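Peer 1: Sharing structure.txt here; it has compact mmCIF, C-alpha atoms and all ligand atoms.
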# COMPACT_ATOMS: atom_id res chain seq x y z
CA MET G 1 3.07 -28.10 0.59
CA ALA G 2 0.01 -29.74 -0.84
CA GLN G 3 -1.90 -29.67 2.40
CA GLN G 4 -5.23 -27.90 2.23
CA LYS G 5 -5.37 -24.58 4.04
CA GLN G 6 -8.46 -24.12 6.19
CA VAL G 7 -8.25 -20.37 6.27
CA LYS G 8 -7.74 -17.86 3.53
CA ARG G 9 -5.51 -14.83 3.51
CA VAL G 10 -7.28 -11.84 4.99
CA PRO G 11 -7.65 -8.45 3.30
CA PRO G 12 -5.74 -5.41 4.59
CA LYS G 13 -7.41 -3.60 7.45
CA TRP G 14 -9.97 -1.02 6.53
CA SER G 15 -8.68 1.09 9.38
CA LEU G 16 -5.58 1.73 7.25
CA TRP G 17 -7.77 3.71 4.90
CA PHE G 18 -8.72 6.18 7.55
CA ARG G 19 -5.23 7.26 8.50
CA GLY G 20 -3.39 7.35 5.23
CA GLY G 21 -4.65 10.61 3.80
CA LEU G 22 -6.39 11.26 0.54
CA ASP G 23 -4.86 8.69 -1.79
CA GLU G 24 -6.96 5.75 -0.69
CA TRP G 25 -10.18 7.72 -0.95
CA LEU G 26 -9.36 9.08 -4.37
CA LEU G 27 -8.67 5.51 -5.43
CA ILE G 28 -12.02 4.27 -4.10
CA PHE G 29 -13.89 7.08 -5.83
CA GLN G 30 -11.98 6.51 -9.05
CA LYS G 31 -12.97 2.85 -9.13
CA VAL G 32 -16.56 3.44 -8.00
CA SER G 33 -17.03 6.28 -10.47
CA GLY G 34 -15.71 4.10 -13.28
CA ALA G 35 -18.20 1.37 -12.40
CA ILE G 36 -21.02 3.92 -12.16
CA LEU G 37 -20.19 5.36 -15.56
CA VAL G 38 -20.34 1.92 -17.19
CA ILE G 39 -23.66 1.06 -15.53
CA TYR G 40 -24.99 4.51 -16.34
CA LEU G 41 -23.98 4.21 -19.98
CA ILE G 42 -25.80 0.89 -20.34
CA ALA G 43 -28.92 2.04 -18.49
CA HIS G 44 -28.98 5.32 -20.39
CA THR G 45 -28.73 3.54 -23.73
CA LEU G 46 -31.52 1.15 -22.78
CA VAL G 47 -33.87 3.92 -21.62
CA ILE G 48 -33.27 6.15 -24.63
CA SER G 49 -33.64 3.24 -27.03
CA THR G 50 -37.22 2.75 -25.84
CA ALA G 51 -37.94 6.37 -26.84
CA LEU G 52 -36.59 5.72 -30.31
CA GLY G 53 -38.92 2.78 -30.57
CA PHE G 54 -36.46 -0.10 -30.35
CA GLY G 55 -37.67 -3.29 -28.80
CA HIS G 56 -41.28 -2.51 -27.93
CA PRO G 57 -42.35 0.41 -30.04
CA SER G 58 -45.19 2.15 -28.28
CA GLU G 59 -45.65 5.45 -26.52
CA LEU G 60 -46.95 3.56 -23.52
CA THR G 61 -43.68 1.72 -23.01
CA TRP G 62 -41.71 4.95 -23.14
CA ASN G 63 -44.00 6.65 -20.64
CA THR G 64 -43.84 3.72 -18.26
CA VAL G 65 -40.09 3.44 -18.54
CA ILE G 66 -39.33 7.12 -18.13
CA GLY G 67 -41.94 7.43 -15.41
CA PHE G 68 -40.26 4.61 -13.53
CA VAL G 69 -36.83 6.13 -14.00
CA GLU G 70 -37.85 9.64 -13.02
CA GLY G 71 -39.86 8.77 -9.92
CA PRO G 72 -41.95 11.28 -8.02
CA HIS G 73 -42.00 14.90 -9.15
CA VAL G 74 -40.13 17.44 -6.99
CA ALA G 75 -40.21 20.92 -8.56
CA GLY G 76 -39.93 22.42 -12.01
CA PRO G 77 -38.17 19.98 -14.32
CA ALA G 78 -36.73 18.06 -11.37
CA HIS G 79 -37.83 14.57 -10.45
CA VAL G 80 -36.29 12.44 -7.74
CA GLY G 81 -34.87 10.13 -10.39
CA THR G 82 -33.41 12.94 -12.46
CA ILE G 83 -31.70 14.46 -9.45
CA ILE G 84 -30.15 11.16 -8.48
CA GLU G 85 -29.18 10.44 -12.06
CA TYR G 86 -27.69 13.88 -12.42
CA LEU G 87 -25.68 13.62 -9.21
CA ILE G 88 -24.35 10.17 -9.95
CA ALA G 89 -23.43 10.89 -13.54
CA LEU G 90 -21.90 14.23 -12.76
CA LEU G 91 -19.91 13.09 -9.76
CA ALA G 92 -18.66 10.08 -11.64
CA ALA G 93 -17.75 12.02 -14.76
CA VAL G 94 -16.15 14.95 -12.99
CA HIS G 95 -14.34 12.94 -10.37
CA GLY G 96 -13.18 10.37 -12.89
CA GLY G 97 -11.97 13.19 -15.13
CA ALA G 98 -10.29 15.35 -12.54
CA ASN G 99 -8.61 12.51 -10.71
CA GLY G 100 -7.74 10.73 -13.91
CA PHE G 101 -6.08 13.90 -15.12
CA ARG G 102 -4.13 14.06 -11.87
CA LEU G 103 -2.94 10.46 -12.37
CA ILE G 104 -1.86 11.24 -15.93
CA LEU G 105 0.05 14.29 -14.72
CA THR G 106 1.84 12.28 -12.05
CA GLN G 107 2.50 9.10 -13.94
CA TYR G 108 3.13 10.32 -17.47
CA PHE G 109 4.53 13.80 -16.92
CA GLY G 110 6.01 12.95 -13.54
CA VAL G 111 4.48 15.95 -11.79
CA GLY G 112 5.20 15.63 -8.08
CA LEU G 113 7.55 12.68 -8.43
CA PRO G 114 10.67 13.58 -6.48
CA ARG G 115 14.08 12.35 -7.54
CA PRO G 116 15.17 9.37 -5.50
CA GLU G 117 17.61 10.80 -3.03
CA ARG G 118 19.90 9.96 -0.21
CA HIS G 119 17.79 8.44 2.50
CA THR G 120 16.86 10.45 5.55
CA PHE G 121 16.08 7.24 7.39
CA PRO G 122 14.44 6.86 9.82
CA ARG G 123 11.06 8.36 9.24
CA ALA G 124 11.46 10.10 5.93
CA VAL G 125 8.30 11.54 4.42
CA PRO G 126 7.10 9.21 1.63
CA SER G 127 6.60 10.83 -1.78
CA VAL G 128 2.83 10.33 -1.63
CA LYS G 129 2.69 12.62 1.36
CA LYS G 130 5.01 15.31 0.07
CA SER G 131 3.57 18.65 -0.95
CA GLY G 132 4.58 18.03 -4.58
CA GLN G 133 1.76 15.52 -4.85
CA ALA G 134 -0.54 16.80 -2.14
CA TRP G 135 -1.49 19.99 -3.98
CA LEU G 136 -2.55 18.00 -7.04
CA LYS G 137 -4.98 16.01 -4.94
CA TYR G 138 -6.46 19.14 -3.41
CA VAL G 139 -6.78 20.72 -6.86
CA ALA G 140 -8.59 17.61 -8.11
CA ILE G 141 -11.06 17.82 -5.23
CA ILE G 142 -11.58 21.57 -5.64
CA VAL G 143 -12.22 21.09 -9.37
CA VAL G 144 -14.84 18.45 -8.55
CA ILE G 145 -16.58 20.77 -6.11
CA ILE G 146 -16.55 23.75 -8.50
CA PHE G 147 -17.96 21.66 -11.33
CA LEU G 148 -20.65 20.25 -9.07
CA ILE G 149 -21.77 23.73 -8.03
CA LEU G 150 -21.67 25.10 -11.58
CA ALA G 151 -23.57 22.16 -13.01
CA THR G 152 -26.20 22.38 -10.30
CA LEU G 153 -26.70 26.06 -11.06
CA VAL G 154 -26.95 25.42 -14.79
CA ALA G 155 -29.31 22.51 -14.40
CA PHE G 156 -31.73 23.76 -11.77
CA VAL G 157 -31.33 27.48 -11.19
CA TRP G 158 -30.34 29.40 -14.31
CA MET I 1 15.79 18.49 26.87
CA SER I 2 13.53 17.97 29.78
CA SER I 3 11.50 15.28 28.07
CA GLN I 4 14.55 13.05 28.20
CA GLN I 5 14.81 13.23 31.93
CA THR I 6 11.17 12.87 32.79
CA GLY I 7 10.43 10.18 30.26
CA THR I 8 7.32 11.61 28.63
CA ALA I 9 5.48 9.42 26.22
CA LEU I 10 6.85 9.48 22.72
CA GLN I 11 4.45 10.96 20.25
CA THR I 12 2.77 9.19 17.42
CA THR I 13 1.67 11.21 14.45
CA ALA I 14 -1.83 10.18 13.52
CA ALA I 15 -1.25 11.15 9.92
CA THR I 16 1.52 8.71 9.11
CA GLU I 17 1.04 6.29 11.99
CA LYS I 18 4.76 6.21 12.20
CA ILE I 19 6.29 6.65 15.57
CA THR I 20 8.51 9.63 16.10
CA ILE I 21 11.64 8.26 17.66
CA THR I 22 13.31 10.46 20.19
CA LYS I 23 16.05 9.43 22.54
CA PRO I 24 14.79 6.93 25.11
CA PRO I 25 13.94 8.57 28.41
CA LEU I 26 16.67 8.42 31.02
CA GLY I 27 16.06 7.15 34.51
CA SER I 28 14.44 3.94 35.63
CA PRO I 29 12.30 2.10 33.11
CA ILE I 30 8.56 2.65 33.20
CA ARG I 31 6.70 -0.62 33.74
CA ARG I 32 3.19 -1.20 32.51
CA THR I 33 0.90 -4.16 32.12
CA TYR I 34 -0.42 -4.77 28.63
CA VAL I 35 -3.01 -7.14 27.29
CA PHE I 36 -1.77 -8.81 24.11
CA LYS I 37 -4.75 -9.88 22.01
CA VAL I 38 -3.37 -12.35 19.52
CA LYS I 39 -5.22 -13.66 16.48
CA ARG I 40 -4.17 -17.27 16.30
CA TYR I 41 -4.48 -20.07 13.82
CA ASP I 42 -3.58 -23.70 14.19
CA PRO I 43 -3.94 -25.91 11.12
CA GLU I 44 -4.12 -29.04 13.29
CA ARG I 45 -6.79 -27.66 15.55
CA GLY I 46 -9.17 -26.78 12.72
CA GLY I 47 -11.86 -24.14 12.74
CA GLY I 48 -10.05 -21.11 11.44
CA TYR I 49 -8.81 -18.14 13.41
CA TYR I 50 -9.36 -17.66 17.12
CA TRP I 51 -8.30 -15.00 19.59
CA ARG I 52 -6.28 -15.42 22.79
CA GLU I 53 -5.44 -12.80 25.38
CA TYR I 54 -2.26 -12.62 27.42
CA LYS I 55 -1.40 -10.26 30.24
CA ILE I 56 2.20 -9.18 30.23
CA GLU I 57 4.32 -6.60 32.02
CA LEU I 58 6.74 -4.67 29.85
CA THR I 59 8.95 -1.64 30.28
CA ASN I 60 9.06 1.33 27.95
CA HIS I 61 12.24 -0.10 26.41
CA GLU I 62 10.72 -3.42 25.45
CA THR I 63 9.15 -4.19 22.12
CA VAL I 64 6.09 -6.16 21.08
CA LEU I 65 8.47 -8.93 20.02
CA ASP I 66 9.98 -9.00 23.53
CA GLY I 67 6.45 -9.37 24.85
CA LEU I 68 5.69 -12.26 22.52
CA ILE I 69 8.94 -13.99 23.47
CA LYS I 70 8.10 -13.61 27.15
CA ILE I 71 4.65 -15.06 26.53
CA LYS I 72 6.17 -18.01 24.73
CA TRP I 73 8.61 -18.66 27.57
CA HIS I 74 6.34 -18.23 30.53
CA GLN I 75 2.71 -18.50 29.47
CA ASP I 76 2.03 -20.38 26.27
CA ALA I 77 4.73 -22.35 24.50
CA THR I 78 2.44 -23.06 21.55
CA LEU I 79 2.37 -19.45 20.37
CA SER I 80 4.14 -19.23 17.01
CA PHE I 81 5.75 -16.23 15.40
CA ARG I 82 8.78 -15.63 13.24
CA TYR I 83 11.76 -13.50 14.16
CA SER I 84 15.49 -13.50 13.87
CA CYS I 85 17.52 -10.33 14.28
CA ARG I 86 15.38 -8.41 16.81
CA MET I 87 16.82 -5.19 15.41
CA GLY I 88 14.74 -4.39 12.36
CA ILE I 89 17.10 -5.72 9.74
CA CYS I 90 16.01 -9.25 8.83
CA GLY I 91 12.39 -8.48 8.04
CA SER I 92 10.99 -11.63 9.67
CA CYS I 93 8.81 -10.19 12.36
CA GLY I 94 6.19 -8.30 10.34
CA MET I 95 2.72 -8.49 11.84
CA ILE I 96 -0.35 -6.35 12.11
CA ILE I 97 -0.08 -4.48 15.37
CA ASN I 98 -3.04 -2.37 16.36
CA GLY I 99 -4.37 -2.52 12.82
CA VAL I 100 -1.22 -1.38 11.04
CA PRO I 101 1.45 -3.64 9.52
CA ARG I 102 4.61 -3.08 11.56
CA LEU I 103 7.81 -4.81 12.61
CA ALA I 104 7.27 -6.30 16.06
CA CYS I 105 10.89 -5.72 17.00
CA GLU I 106 10.67 -2.03 16.17
CA THR I 107 7.36 -1.33 17.87
CA LYS I 108 7.17 -0.67 21.56
CA PRO I 109 3.83 -1.10 23.30
CA TYR I 110 4.71 1.97 25.34
CA ASP I 111 4.91 4.07 22.16
CA LEU I 112 1.62 2.71 20.88
CA GLY I 113 -0.04 4.20 23.92
CA THR I 114 -2.80 1.59 24.21
CA GLU I 115 -3.23 -0.89 27.00
CA VAL I 116 -4.62 -3.56 24.69
CA VAL I 117 -2.24 -4.45 21.89
CA THR I 118 -3.87 -6.44 19.08
CA ILE I 119 -1.57 -8.68 17.09
CA GLU I 120 -2.64 -10.34 13.87
CA PRO I 121 -0.87 -12.24 11.11
CA LEU I 122 -0.02 -10.15 8.03
CA SER I 123 -2.94 -9.66 5.70
CA ASN I 124 -2.58 -10.78 2.04
CA PHE I 125 -0.39 -13.67 3.21
CA GLU I 126 -1.60 -17.19 3.87
CA PRO I 127 -1.10 -18.09 7.51
CA ILE I 128 1.09 -21.05 8.48
CA LYS I 129 0.54 -21.00 12.19
CA ASP I 130 -0.53 -18.13 14.42
CA VAL I 131 1.34 -14.99 13.44
CA ALA I 132 3.80 -16.74 11.11
CA THR I 133 2.74 -16.41 7.47
CA ASP I 134 3.73 -18.07 4.22
CA PHE I 135 6.09 -15.89 2.19
CA SER I 136 6.65 -18.25 -0.74
CA ASP I 137 4.43 -16.29 -3.16
CA PHE I 138 6.05 -13.07 -2.07
CA PHE I 139 9.57 -14.34 -2.73
CA ARG I 140 8.52 -15.97 -5.99
CA LYS I 141 7.32 -12.56 -7.16
CA HIS I 142 10.51 -10.95 -5.94
CA ARG I 143 12.56 -13.46 -7.96
CA SER I 144 10.44 -12.89 -11.05
CA VAL I 145 11.74 -9.33 -11.48
CA LYS I 146 15.36 -10.59 -11.67
CA PRO I 147 16.70 -8.67 -8.70
CA TRP I 148 20.41 -8.97 -9.52
CA LEU I 149 22.94 -7.25 -11.74
CA ILE I 150 22.58 -8.35 -15.32
CA ARG I 151 25.36 -7.82 -17.85
CA LYS I 152 24.83 -8.19 -21.57
CA ASP I 153 28.02 -10.16 -21.83
CA GLU I 154 27.35 -13.53 -20.22
CA THR I 155 31.01 -14.49 -19.99
CA GLU I 156 31.60 -11.35 -18.02
CA GLN I 157 28.64 -12.03 -15.76
CA PHE I 158 29.16 -15.72 -15.07
CA GLU I 159 32.73 -16.67 -15.86
CA LYS I 160 35.44 -14.11 -15.73
CA LEU I 161 35.06 -10.66 -14.37
CA GLU I 162 37.96 -8.57 -15.52
CA THR I 163 36.81 -5.11 -14.70
CA TYR I 164 35.39 -3.08 -11.89
CA TYR I 165 32.14 -1.20 -12.31
CA PRO I 166 32.73 2.27 -10.96
CA GLN I 167 29.84 4.20 -9.49
CA THR I 168 29.66 7.83 -8.51
CA GLU I 169 27.84 9.23 -5.52
CA GLU I 170 25.06 10.55 -7.80
CA GLN I 171 24.64 7.22 -9.51
CA LEU I 172 24.35 5.55 -6.12
CA ASN I 173 21.67 7.99 -5.03
CA GLU I 174 19.54 7.02 -8.04
CA TYR I 175 18.59 3.77 -6.38
CA LEU I 176 19.97 3.70 -2.84
CA GLU I 177 16.61 4.58 -1.29
CA PHE I 178 15.06 1.40 -2.74
CA ALA I 179 18.03 -0.75 -1.80
CA TYR I 180 17.13 -0.43 1.86
CA CYS I 181 14.27 -2.92 1.47
CA ILE I 182 14.47 -5.78 3.97
CA LYS I 183 11.74 -7.88 2.34
CA CYS I 184 9.53 -7.71 5.39
CA GLY I 185 6.33 -7.76 3.36
CA LEU I 186 4.60 -4.94 5.24
CA CYS I 187 3.96 -3.00 2.03
CA TYR I 188 2.65 -6.13 0.36
CA SER I 189 0.40 -6.75 3.30
CA ALA I 190 -1.02 -3.22 3.28
CA CYS I 191 -1.72 -3.10 -0.46
CA PRO I 192 -5.42 -3.36 -1.36
CA MET I 193 -4.54 -4.31 -4.93
CA VAL I 194 -2.57 -7.36 -3.85
CA PHE I 195 -5.71 -8.58 -2.17
CA LEU I 196 -7.89 -7.94 -5.21
CA ASN I 197 -5.40 -9.38 -7.69
CA LYS I 198 -3.64 -12.39 -6.24
CA ASP I 199 -1.07 -12.41 -9.02
CA TYR I 200 -0.09 -8.76 -8.73
CA LEU I 201 3.65 -8.59 -8.15
CA GLY I 202 3.16 -6.13 -5.32
CA PRO I 203 5.02 -3.02 -4.19
CA GLN I 204 8.11 -4.82 -2.91
CA ALA I 205 8.95 -6.68 -6.12
CA LEU I 206 8.22 -3.62 -8.27
CA ALA I 207 10.40 -1.39 -6.10
CA GLN I 208 13.21 -3.91 -6.56
CA ALA I 209 12.62 -3.97 -10.31
CA TYR I 210 13.29 -0.24 -10.29
CA ARG I 211 16.20 -0.48 -7.87
CA TRP I 212 18.15 -2.87 -10.11
CA SER I 213 17.16 -1.21 -13.37
CA ALA I 214 18.26 2.21 -12.15
CA ASP I 215 21.69 0.89 -11.21
CA ASN I 216 24.33 2.17 -13.63
CA ARG I 217 26.21 -1.16 -13.46
CA ASP I 218 23.15 -3.03 -14.70
CA GLU I 219 22.26 -3.71 -18.32
CA GLY I 220 19.12 -5.77 -17.82
CA ALA I 221 16.49 -3.06 -17.54
CA VAL I 222 14.82 -4.22 -20.75
CA LEU I 223 14.24 -7.67 -19.31
CA ARG I 224 12.75 -6.30 -16.11
CA LEU I 225 10.58 -3.75 -17.86
CA LYS I 226 9.11 -6.59 -19.90
CA VAL I 227 8.09 -8.34 -16.68
CA VAL I 228 6.58 -5.29 -15.00
CA ASP I 229 4.82 -3.95 -18.12
CA SER I 230 1.87 -6.27 -17.68
CA GLU I 231 -1.49 -6.57 -16.04
CA ASN I 232 0.09 -8.16 -12.98
CA GLY I 233 2.93 -5.68 -13.00
CA VAL I 234 2.82 -1.92 -12.54
CA TRP I 235 -0.58 -1.60 -14.22
CA SER I 236 -2.24 -3.37 -11.31
CA CYS I 237 -1.08 -0.52 -9.11
CA HIS I 238 -3.94 1.92 -8.65
CA TYR I 239 -1.93 4.19 -6.50
CA SER I 240 -3.35 3.97 -3.02
CA GLY I 241 0.10 4.84 -1.67
CA THR I 242 -0.40 2.71 1.45
CA CYS I 243 2.82 0.78 0.79
CA SER I 244 4.97 3.85 1.28
CA LYS I 245 3.12 4.85 4.41
CA VAL I 246 3.79 1.56 6.22
CA CYS I 247 7.31 0.74 5.05
CA PRO I 248 9.56 0.52 8.13
CA LYS I 249 12.65 1.34 6.07
CA ASP I 250 11.16 4.31 4.23
CA VAL I 251 11.76 2.64 0.91
CA ASP I 252 8.84 4.45 -0.76
CA PRO I 253 7.73 1.68 -3.14
CA ALA I 254 4.96 3.93 -4.51
CA LEU I 255 7.60 6.27 -5.88
CA ALA I 256 9.45 3.38 -7.50
CA ILE I 257 6.24 2.12 -9.13
CA ASN I 258 5.40 5.57 -10.44
CA LEU I 259 8.93 5.96 -11.79
CA LEU I 260 8.52 2.61 -13.54
CA LYS I 261 5.18 3.68 -15.04
CA ASN I 262 6.78 6.92 -16.12
CA TRP I 263 9.66 5.00 -17.66
CA LEU I 264 7.29 2.71 -19.57
CA LEU I 265 5.07 5.55 -20.76
CA THR I 266 7.77 7.99 -21.81
CA GLY I 267 10.33 5.42 -22.90
CA ARG I 268 13.16 6.70 -20.74
CA ARG I 269 14.09 6.73 -17.11
CA ARG I 270 13.30 9.92 -15.31
CA ARG I 271 16.41 11.51 -13.84
S1 LIG G 301 9.55 -2.00 0.59
FE1 LIG G 301 9.55 -1.60 2.81
S2 LIG G 301 7.65 -2.55 3.57
FE2 LIG G 301 8.07 -3.40 1.54
S3 LIG G 301 9.21 -5.29 1.93
FE3 LIG G 301 10.73 -3.66 1.57
S4 LIG G 301 11.21 -2.86 3.63
FE4 LIG G 301 9.32 -4.07 3.83
S1 LIG G 302 13.23 -9.65 14.10
FE1 LIG G 302 14.41 -9.03 12.36
S2 LIG G 302 13.22 -7.36 11.62
FE2 LIG G 302 12.21 -7.84 13.46
Could the structure of this file be written out as C-alpha cells, please?
Ligand code: SF4
Ligand code: FES
Peer 2:
Amino acid sequence: MAQQKQVKRVPPKWSLWFRGGLDEWLLIFQKVSGAILVIYLIAHTLVISTALGFGHPSELTWNTVIGFVEGPHVAGPAHVGTIIEYLIALLAAVHGGANGFRLILTQYFGVGLPRPERHTFPRAVPSVKKSGQAWLKYVAIIVVIIFLILATLVAFVW
Amino acid sequence: MSSQQTGTALQTTAATEKITITKPPLGSPIRRTYVFKVKRYDPERGGGYYWREYKIELTNHETVLDGLIKIKWHQDATLSFRYSCRMGICGSCGMIINGVPRLACETKPYDLGTEVVTIEPLSNFEPIKDVATDFSDFFRKHRSVKPWLIRKDETEQFEKLETYYPQTEEQLNEYLEFAYCIKCGLCYSACPMVFLNKDYLGPQALAQAYRWSADNRDEGAVLRLKVVDSENGVWSCHYSGTCSKVCPKDVDPALAINLLKNWLLTGRRRR
C-alpha cells in the first residue's frame, strides 16, 4: 500500500482523561514536572553562574539578571519571581519524587499488583482501579500537599 | 426484580464508562430515534475528515452496529465500517463511540443514554475509509512478541510431538485473563503513549508477551523479554492505565505490562 494517505492518525480523545481516575493526571504531572525540573536546572545554573562572575563579570549584570528573575517585590523576602520559582520547583520536585516513589513501589516491588486470576468477565474491575493501587495514589497526593504546606511555612512564615 | 418488567434504563458508571449489563427488560422493545454523527473519510474524495449525520430508529435491544448496518442498507451505501461476528468475539468493530473506544456490536445506543451518538474511527490507527482503520502496524507489533508456544527443542516444536504438556488449574489461571484478548485494538487506540511514540508496541502486544511467557508449557520467555525490554517495549509505558479501563474483554493489559516490568527489574516472574 504505497498510496499516500491524506489524513493522519488522530490522538486519543482528551475526554478519556476526565473519566479514567487519577492515573492519567499523575502521568501528566509526572511528565510536566520532569520537564520543569530540567528547565529549572538549566535556568538556575545560568542565573547563579552570573553571580559567580562567569560570562560577563560585573555586579551590574548580576543585579539586572536577578532583578529580572525576581520581578516586583511583594513582602519580606518574597518577590513575584521567587514565589513562582518556589512553587514550580517545589511542586515538580515533590510530585516527581512522591509519584516516582509510587511507581517504583508498584513496578519494582509489585505493591498493588494483584495476581492474575480467573476472569470475572464481564465487567471485572481492572487492577489500576482496585484499592490495592488506589491508596498509593492518594498517599502520593497527600504527601505532595503536606510537603507543599510545610515548605510554604518554612519559606515564608517561620 | 421490578426493573426487569418495567424496562428502566440500564445504568452507566461514570467512573469506568463501562456499561453495567443487567438482564434486558421484558415486554415490548422501546423504540427511540437517534442521530448518528459519523466522522467519515474517503481517500478518493480528498480533503480529510468530514462529518455526516443520519437519523435512525432503534430499539433498546439494538446495537450501534445494527444502526450502522441499517444506515448502510437504507440511507447511505457508501458508509464503510468493519464487522464480522456481531457478538463481541472477532474484534473487528472497534470504533470511538461517544468519545470512548468501544465495540459497536456490544454498545447499545439505549444504554449510552444520549440522543446523538458520535462515531469516529479508532484513534492511533490510520484510517482506510470512514470508520474502518488500518490494523497492519498493530498486527505487526503483535507478531513481533512471538505470540505462540516456543519449545527449546525445535524437533519437538516443528516435527514430532511425542508428549502432552499437562497444565493444572493454577497454571492456567496465571495467564488465562490475558488470553481473552480479541485483538480489537481498543486499548491501543486509547493509549496516549502509542500516539506519542509511533513504534511503541502498545498494550495489546505487551499483554500477549506476558500471556505466552507466563504459560507453563512455554520455554521462550527469554526471547520475548528481549523484545519487550526496550525503549519501544514496556519502557514506553508510562502507566496511564487507560488500556485496562477500555478493554471490552477485561484483559487488563496494564497489569500485564506492570508484571513484565516487575519481571525485568527483579529477574523473576511474580507469582
Ligand atoms: S487487550 Fe482488550 S482492548 Fe486490547 S486488543 Fe485485547 S481485547 Fe481489545
Ligand atoms: S463485530 Fe465482532 S466484535 Fe463486534
Peer 1: Please check the contacts: residues of chain G at most 7 Å away from chain I, using all atoms listed in the file, listed as a PyMOL selection string.
Peer 2: chain G and resi 6-13+15-16+19-20+23-24+27+107-108+110+113+115-119+121-124+126-128
Peer 1: Using all atoms listed in the file, which protein or nucleic acid residues come within 12 Å of region 85-95 of chain G? Drop anything in the same chain fewer than 6 positions from it, and give the result as a count of residues only.
Peer 2: 45
Peer 1: Applying 10 Å and all atoms listed in the file, which residues near region 27-39 of chain I remain after dropping the ones on its own chain fewer than 6 positions away? List them as a PyMOL selection string.
Peer 2: chain I and resi 4-7+49-62+64+67-68+71+79+96-98+109-110+114-121+130-131
Peer 1: In Å, how far is it from CA of Asp215 (chain I) to CA of Val234 (chain I)?
Peer 2: 19.1 Å
Peer 1: Around ligand LIG 302 (chain G), which protein and nucleic acid residues have at least one atom no more than 7 Å from it, if we count all atoms listed in the file? List them as a list of chain:residue names.
Peer 2: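 Using all atoms listed in the file, everything at most 7 Å from ligand LIG 302 (chain G) comes to I:Tyr83, I:Ser84, I:Cys85, I:Arg86, I:Met87, I:Gly88, I:Ile89, I:Cys90, I:Gly91, I:Ser92, I:Cys93, I:Gly94, I:Leu103, I:Ala104, I:Cys105, I:Glu106.
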Peer 1: CA of Tyr210 (chain I) and CA of Arg269 (chain I) are how many Å apart?
Peer 2: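 Going from CA of Tyr210 (chain I) over to CA of Arg269 (chain I), I get 9.8 Å.
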Peer 1: Box along x, y and z, 5 Å on every side, all listed atoms of ligand LIG 301 (chain G) inside: centre and edge lengths in Å to one decimal, as lines of an AutoDock Vina configuration file.
Peer 2:
center_x = 9.4
center_y = -3.4
center_z = 2.2
size_x = 13.6
size_y = 13.7
size_z = 13.2
Peer 1: Figure out the distance between CA of Ala209 (chain I) and CA of Lys146 (chain I), please, to one decimal in Å.
Peer 2: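 About the pair CA of Lys146 (chain I) and CA of Ala209 (chain I): they are 7.3 Å apart.
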Peer 1: Let me make sure I understand: among I:Ser213, I:Ser236, I:Gln157, I:Gln208, which one has the smallest atom-to-atom distance to ligand LIG 301 (chain G) if we use all atoms listed in the file?
Peer 2: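 For ligand LIG 301 (chain G), the nearest of the candidates is I:Gln208.
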Peer 1: Find the residues near Ala205 (chain I): any atom within 7 Å, counting all atoms listed in the file, skip ones fewer than 3 places away on the same chain, and give them as a list of chain:residue names.
Peer 2: I:Lys141, I:His142, I:Val145, I:Leu201, I:Gly202, I:Gln208, I:Ala209
Peer 1: Let me make sure I understand: among I:Trp73, I:Phe158, I:Phe138, I:Tyr200, which one has the smallest atom-to-atom distance to ligand LIG 301 (chain G) if we use only C-alpha atoms and all ligand atoms?
Peer 2: I:Phe138
Peer 1: I need the residue nearest ligand LIG 301 (chain G) from this list: I:Pro147, I:Gly185, I:Gly113, I:Pro166. Use all atoms listed in the file for the distance.
Peer 2: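 Under the stated criterion, the closest residue is I:Gly185.
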Peer 1: From the list I:Ile150, I:Met95, I:Thr163, I:Gly267, which residue is nearest ligand LIG 301 (chain G) when using all atoms listed in the file?
Peer 2: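 Ranked by minimum distance to ligand LIG 301 (chain G), first place goes to I:Met95.
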Peer 1: Pick out the closest residue to ligand LIG 301 (chain G) from this set: I:Leu206, I:Leu225, I:Ala214, I:Ile182. Count all atoms listed in the file.
Peer 2: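 Using all atoms listed in the file, the shortest distance to ligand LIG 301 (chain G) belongs to I:Ile182.
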Peer 1: Taking only C-alpha atoms and all ligand atoms into account, which of I:Ala179, I:Leu161, I:Val228, I:Ala132 comes nearest ligand LIG 301 (chain G)?
Peer 2: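 Smallest distance to ligand LIG 301 (chain G) is found for I:Ala179.
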